[in-house]
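Chemist: Quick one, upload26.tsv (TSV, C-alpha atoms):
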```tsv
chain	number	residue	atom	x	y	z
A	1110	MET	CA	-0.71	-2.43	26.11
A	1111	ALA	CA	-4.35	-3.21	25.47
A	1112	PHE	CA	-4.67	-0.09	23.30
A	1113	LEU	CA	-1.70	-1.21	21.15
A	1114	HIS	CA	-3.32	-4.59	20.61
A	1115	GLU	CA	-6.64	-2.92	19.83
A	1116	GLY	CA	-4.94	-0.54	17.39
A	1117	TRP	CA	-3.43	-3.43	15.44
A	1118	MET	CA	-6.81	-5.12	15.29
A	1119	ILE	CA	-8.41	-1.95	13.92
A	1120	LEU	CA	-5.61	-1.55	11.38
A	1121	ALA	CA	-5.95	-5.20	10.34
A	1122	ALA	CA	-9.68	-4.68	9.82
A	1123	LEU	CA	-9.25	-1.50	7.74
A	1124	LEU	CA	-6.25	-2.57	5.67
A	1125	PRO	CA	-8.17	-4.70	3.11
A	1126	SER	CA	-10.64	-1.89	2.47
A	1127	ILE	CA	-7.84	0.65	2.08
A	1128	GLY	CA	-6.02	-1.71	-0.30
A	1129	LEU	CA	-9.12	-2.18	-2.45
A	1130	LEU	CA	-9.75	1.57	-2.50
A	1131	PHE	CA	-6.17	2.15	-3.68
A	1132	LEU	CA	-6.50	-0.54	-6.34
A	1133	PHE	CA	-9.80	0.94	-7.55
A	1134	TRP	CA	-8.22	4.41	-7.71
A	1135	VAL	CA	-5.23	3.16	-9.75
A	1136	ILE	CA	-7.46	1.30	-12.21
A	1137	LEU	CA	-9.82	4.25	-12.62
A	1138	LYS	CA	-6.88	6.63	-13.10
A	1139	HIS	CA	-5.47	4.43	-15.87
A	1140	ILE	CA	-8.88	4.20	-17.57
A	1141	VAL	CA	-9.29	7.98	-17.55
A	1142	GLU	CA	-5.73	8.58	-18.80
A	1143	GLY	CA	-6.17	6.01	-21.55
A	1144	ASP	CA	-9.41	7.65	-22.63
A	1145	ARG	CA	-7.70	11.05	-22.66
A	1146	ARG	CA	-4.86	9.71	-24.84
A	1147	GLU	CA	-7.31	7.98	-27.18
A	1148	ARG	CA	-9.34	11.16	-27.64
A	1149	ALA	CA	-6.16	13.17	-28.35
A	1150	ALA	CA	-5.01	10.59	-30.91
A	1151	LEU	CA	-8.45	10.63	-32.53
A	1152	ARG	CA	-8.41	14.45	-32.74
A	1153	GLU	CA	-4.94	14.31	-34.31
A	1154	TRP	CA	-6.02	11.64	-36.80
A	1155	GLU	CA	-9.15	13.62	-37.73
A	1156	ALA	CA	-7.08	16.79	-38.23
A	1157	ASN	CA	-4.62	14.92	-40.48
A	1158	HIS	CA	-7.49	13.26	-42.34
A	1159	ALA	CA	-9.22	16.61	-42.84
A	1160	ASP	CA	-5.95	18.08	-44.20
A	1161	ASP	CA	-5.56	15.15	-46.60
A	1162	SER	CA	-9.13	15.44	-47.87
A	1163	ALA	CA	-8.78	19.22	-48.26
A	1164	GLU	CA	-5.63	18.71	-50.35
A	1165	ALA	CA	-7.40	16.10	-52.45
A	1166	ASP	CA	-10.26	18.53	-53.16
A	1167	HIS	CA	-7.87	21.22	-54.42
A	1168	SER	CA	-5.69	18.99	-56.59
A	1169	PRO	CA	-6.20	19.23	-60.35
A	1170	PRO	CA	-8.05	16.35	-61.98
A	1171	ALA	CA	-5.93	13.68	-63.59
A	1172	ALA	CA	-5.96	13.82	-67.35
```
Could you quickly redo this structure as structure tokens?
Modeler:
Amino acid sequence: MAFLHEGWMILAALLPSIGLLFLFWVILKHIVEGDRRERAALREWEANHADDSAEADHSPPAA
């Protein structure tokens, strides 16, 4: 029974570190995913903006 008690003590000592590691991983994952989405949205906006400016360059001048 001493090993069972010792095992719980080891688990109790490691649990806070494991919890913080998991929390850090979740936060970092969300930061990276948010950055990926932001870059994709920026690429899409720049492509739309480039299309709009290209159409404006080819339109006839207003009389």
Chemist: Enter the distance from CA of His1158 in chain A to CA of Val1141 in chain A, in Å, rounded to one decimal.
Modeler: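 Taking CA of His1158 in chain A as the start and CA of Val1141 in chain A as the end point, the length is 25.4 Å.
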Chemist: Could you please determine the separation between CA of Ile1127 in chain A and CA of Phe1112 in chain A in Å, to one decimal place?
Modeler: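 Separation between CA of Ile1127 in chain A and CA of Phe1112 in chain A: 21.5 Å.
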Chemist: To one decimal place in Å, what is the distance between CA of Ala1149 in chain A and CA of Ser1162 in chain A?
Modeler: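 Computing it gives 19.9 Å between the two atoms.
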